[in-house]
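A.B. asks: Have a look at this one.
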Amino acid sequence: MNIQVISNKNYLEENELSVFFVYEDNNVDLKNEVLNTFFKDFEAKYSKIDICKIFRDDKLIDLMLVGLGKKNEISIDDIRNLGGNISKKLKKYNIKEINFLNIKENLNYREIEALVEGLKLGEYTFDKYKSDKKESVDKNINLNLDENYNDYIKQGELLAEIALISRNLVNEPSNVIYPETLANEVINLGKEYGFETEVYGKEDIEKLGMEAFLAVAKGSDKEPRLIVMKYNGDKESNEILGLVGKGLTYDSGGYSIKPTNSMVDMKTDMGGAAAVIGAMCGISKSKLNKNVIAVVAACENLISGHAYKPGDIINSMGKKTIEILNTDAEGRLTLVDAVYYAINNENVTKIVDIATLTGAAIVALGTVATPIISNNDEFYNKLDEAASLSDEKIWRMPVFEEFKKVLKGKEADLNNSPGRDGGCITAGLFIGEFVGDTPWIHMDIAGTSVSSKDFGYKSKGATGEGARTLYNLAKLI
């Protein structure tokens with residue numbers, strides 16, 4: 001899909017699709033009796049989309065009428081979803097030129113940015129491994145606007161682009177994306193988008209003392225990788241935003257093994273890693289005047305004679321010992337070493353970790369919102385603002401002392417799985433044991449990182465959750 005501005009495109013063409021937005025009770029006069037009849041009879045409820053053909057001046061014209069509902073009741077995310085629905089509708093038609101003719105009269109700058117974002121995201125389908133997929137025509141989306149809208153269009157395209165980078169990484173099967181190949185993908189993205197990448201292998205990770213990370217990784221024959229991405233956009237500042245993403249490229253649960261139906265989609269357990277990678281691409285491409293370092297501890301959690309076991313006591317980079325009560329509570333083990341590394345070795349001054357961490361997040365907030373844990377109100381407020389811009393819903397969870405007490409181990413400093421009660425909170429607070437006084441945010445995207453169906457700008461599979469919010473956060477702080 002190619003999106004471009006074409007000024008004064010206000011006429012109808014044969015073999016092209018002309019798109020008109022219509023509000024309820026909106027009187028549109030196209031100075032053409034046939035067209036006005038179509039508008040009058042069209043029920044312009046939100047997201048109602050009709051495609052029809054009419055004869056005009058001896059030409060057969062294709063029209064798309066798009067309902068916007070009531071003028072004062074539509075949100076930015078409604079527009080974004082509408083863009084996605086339009087894209088899904090367009091897939092069924094082999095028309096190359098799509099002309100949005102009355103867009104300027106009906107949408108403002110931010111709404112046009114969201115529409116572009118939705119058009120790009122809604123077009124997405126992960127079908128690269130299907131041999132019988134239908135090849136669709138590469139469409140030209142022509143927006144009847146002037147050059148004043150170009151920056152908003154580019155921003156909408158960028159936000160979609162970074163979410164799609166994340167979606168693609170998560171949707172790839174685990175025999176394609178594993179620690180080594182994920183690192184290679186990041187190296188290539190760094191070259192394309194303009195950030196530095198450092199990759200540490202198993203021996204390097206051992207030297208760093210990342211024993212919790214290594215404990216999870218040792219059950220697999222695929223060696224772990226510590227992936228560090230660096231963008232230095234403000235050489236005069238010592239402020240560095242740290243982004244840490246959970247990078248379990250496959251999670252069987254280890255000896256606390258998952259049931260088969262829960263294991264099938266565990267290629268998606270790297271949604272946090274994909275989010276920070278996508279965000280880094282956007283930050284670098286935009287040349288933000290900020291310093292950002294992203295860290296991914298990439299590994300698999302499998303069963304073998306080398307795998308860690310329930311009852312083991314392991315160490316960590318932060319020198320706190322951990323009693324293993326559940327090998328399927330592995331993400332927090334990789335994250336504590338990655339977070340500690342970012343704070344103490346890379347000197348980040350604020351840090352966000354993002355992870356598909358707990359089923360308890362889904363119990364708490366379903367697939368609608370991401371639970372948040374934070375130790376800093378000001379930092380959290382910036383995230384809340386960033387999430388509002390992205391329309392990715394978040395909700396801050398309480399951090400009462402009672403939740404912290406259950407993290408203490410019987411035979412070690414901590415335990416990695418204190419039970420079901422308040423599970424998404426205790427998992428986040430476990431990571432918080434390793435951040436010290438650094439302003440910190442934990443995002444559990446277990447419920448929001450994957451969609452079970454196609455709707456709006458989301459497609460079945462990975463959603464790219466978090467990438468756009470983290471990008472916006474970097475802009476705001």
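In the structure tokens, the first chain shown is A, the next is B, and so on; residue numbers restart at 1 for each chain, and ligands run from 1 in the order shown.
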Please provide the set of residues having any atom within 12 Å of Val244 in chain A, restricted to only C-alpha atoms, with same-chain residues fewer than 3 positions apart removed, written as a ChimeraX atom specification.

C.D. replies: /A:226-229,241,247,270-277,279-280,292-298,331-332,334-343,346,348,350-355,431,440-443,466-467,470

A.B. asks: As a ChimeraX atom specification, list the residues of range 25-242 of chain A assigned to strand (DSSP E) by DSSP on the backbone atoms of this structure.

C.D. replies: /A:49-56,59-67,97-100,140-143,196-200,225-232,241-242

A.B. asks: Could the residues in this selection be saved with C-alpha atoms as a compact mmCIF listing (two decimals), in the first residue's frame?

C.D. replies:
# COMPACT_ATOMS: atom_id res chain seq x y z
CA ILE A 49 -18.91 0.63 4.48
CA ASP A 50 -20.77 0.20 1.20
CA ILE A 51 -19.24 -0.22 -2.25
CA CYS A 52 -21.40 0.35 -5.28
CA LYS A 53 -21.20 1.12 -8.99
CA ILE A 54 -22.93 3.96 -10.79
CA PHE A 55 -23.08 5.22 -14.37
CA ARG A 56 -21.97 8.80 -14.82
CA LYS A 59 -18.56 5.76 -17.32
CA LEU A 60 -18.96 2.97 -14.78
CA ILE A 61 -17.74 4.48 -11.51
CA ASP A 62 -16.84 2.58 -8.31
CA LEU A 63 -17.83 4.34 -5.08
CA MET A 64 -17.09 3.53 -1.44
CA LEU A 65 -19.25 5.24 1.18
CA VAL A 66 -17.83 5.18 4.71
CA GLY A 67 -20.01 5.96 7.72
CA GLU A 97 -6.13 3.48 -7.43
CA ILE A 98 -8.11 4.45 -4.32
CA ASN A 99 -9.05 8.13 -4.05
CA PHE A 100 -10.18 9.61 -0.71
CA ASN A 140 -2.18 3.47 -4.29
CA ILE A 141 -4.05 5.43 -1.64
CA ASN A 142 -4.48 8.97 -2.94
CA LEU A 143 -5.52 11.50 -0.30
CA GLU A 196 24.03 0.38 17.20
CA THR A 197 23.75 -3.28 18.15
CA GLU A 198 25.97 -5.32 20.45
CA VAL A 199 25.38 -9.05 20.80
CA TYR A 200 26.79 -11.13 23.65
CA ARG A 225 22.01 -14.10 23.25
CA LEU A 226 22.10 -10.81 25.12
CA ILE A 227 21.10 -8.17 22.57
CA VAL A 228 21.89 -4.53 23.36
CA MET A 229 20.61 -1.71 21.12
CA LYS A 230 21.93 1.83 21.52
CA TYR A 231 20.68 5.13 20.16
CA ASN A 232 22.53 8.30 21.20
CA LEU A 241 15.92 5.73 28.80
CA GLY A 242 16.27 1.97 29.23

A.B. asks: Give me the residues within 9 Å of range 314-325 of chain A as a ChimeraX atom specification, counting only C-alpha atoms and dropping any in the same chain fewer than 3 places off.

C.D. replies: /A:208-213,215,308-311,329,333,336-338,340-341,408-418,434

A.B. asks: Pick out the residues sitting within 8 Å of Leu429 in chain A, and hand them over as a PyMOL selection string; count only C-alpha atoms, and ignore anything fewer than 6 positions along from it in its own chain.

C.D. replies: chain A and resi 373+399+403-404

A.B. asks: Go through A:Asp25, A:Glu465, A:Asp78, A:Asp269 and flag the residue nearest Ile165 in chain A, using only C-alpha atoms for the distances.

C.D. replies: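 When distances to Ile165 in chain A are compared using only C-alpha atoms, the smallest one comes from A:Glu465.
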
A.B. asks: Skipping near chain neighbours, those fewer than 4 positions away, what residues fall within 12 Å of Lys128 in chain A using only C-alpha atoms, listed as a list in words?

C.D. replies: Tyr124, Asp132, Lys133, Lys134, Glu135, Asn168, Asn171, Glu172 and Pro173 of chain A

A.B. asks: Counting only C-alpha atoms, which residue out of A:Phe400, A:Tyr255, A:Tyr149, A:Tyr457 sits closest to Glu117 in chain A?

C.D. replies: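 Checking each of A:Phe400, A:Tyr255, A:Tyr149, A:Tyr457 against Glu117 in chain A, counting only C-alpha atoms, the winner is A:Tyr457.
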
A.B. asks: Fewer than 2 positions away in the same chain doesn't count, so skip those; otherwise give me all residues within 6 Å of Tyr193 in chain A, counting only C-alpha atoms, as a list in words.

C.D. replies: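 Returned residues: Leu189, Gly190, Lys191, Cys281, Ser284 and Lys285 of chain A.
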
A.B. asks: Would you export the selected residues with N, CA and C atoms as a compact mmCIF listing (two decimals), in the first residue's frame, please?

C.D. replies:
# COMPACT_ATOMS: atom_id res chain seq x y z
N LEU A 189 18.25 -4.70 11.37
CA LEU A 189 17.36 -3.55 11.60
C LEU A 189 18.16 -2.34 12.07
N GLY A 190 19.16 -2.57 12.89
CA GLY A 190 20.01 -1.47 13.35
C GLY A 190 20.71 -0.78 12.20
N LYS A 191 21.20 -1.57 11.26
CA LYS A 191 21.85 -0.98 10.08
C LYS A 191 20.86 -0.19 9.24
N CYS A 281 13.45 1.09 16.38
CA CYS A 281 13.43 1.45 14.95
C CYS A 281 12.78 2.81 14.75
N SER A 284 15.00 5.71 16.24
CA SER A 284 16.17 5.99 15.39
C SER A 284 15.77 6.66 14.08
N LYS A 285 14.71 6.15 13.46
CA LYS A 285 14.28 6.72 12.18
C LYS A 285 13.84 8.17 12.34

A.B. asks: Provide the CA of Thr370 in chain A to CA of Arg468 in chain A distance in Å, to one decimal place.

C.D. replies: 13.7 Å

A.B. asks: Have a look at A:Leu407, A:Ile153, A:Ile362, A:Ile313 and name the one nearest to Tyr109 in chain A; count only C-alpha atoms.

C.D. replies: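 Of A:Leu407, A:Ile153, A:Ile362, A:Ile313, the one nearest Tyr109 in chain A is A:Ile153, counting only C-alpha atoms.
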
A.B. asks: Separation of CA of Glu433 in chain A and CA of Thr469 in chain A, in Å?

C.D. replies: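 Separation of CA of Glu433 in chain A and CA of Thr469 in chain A: 24.6 Å.
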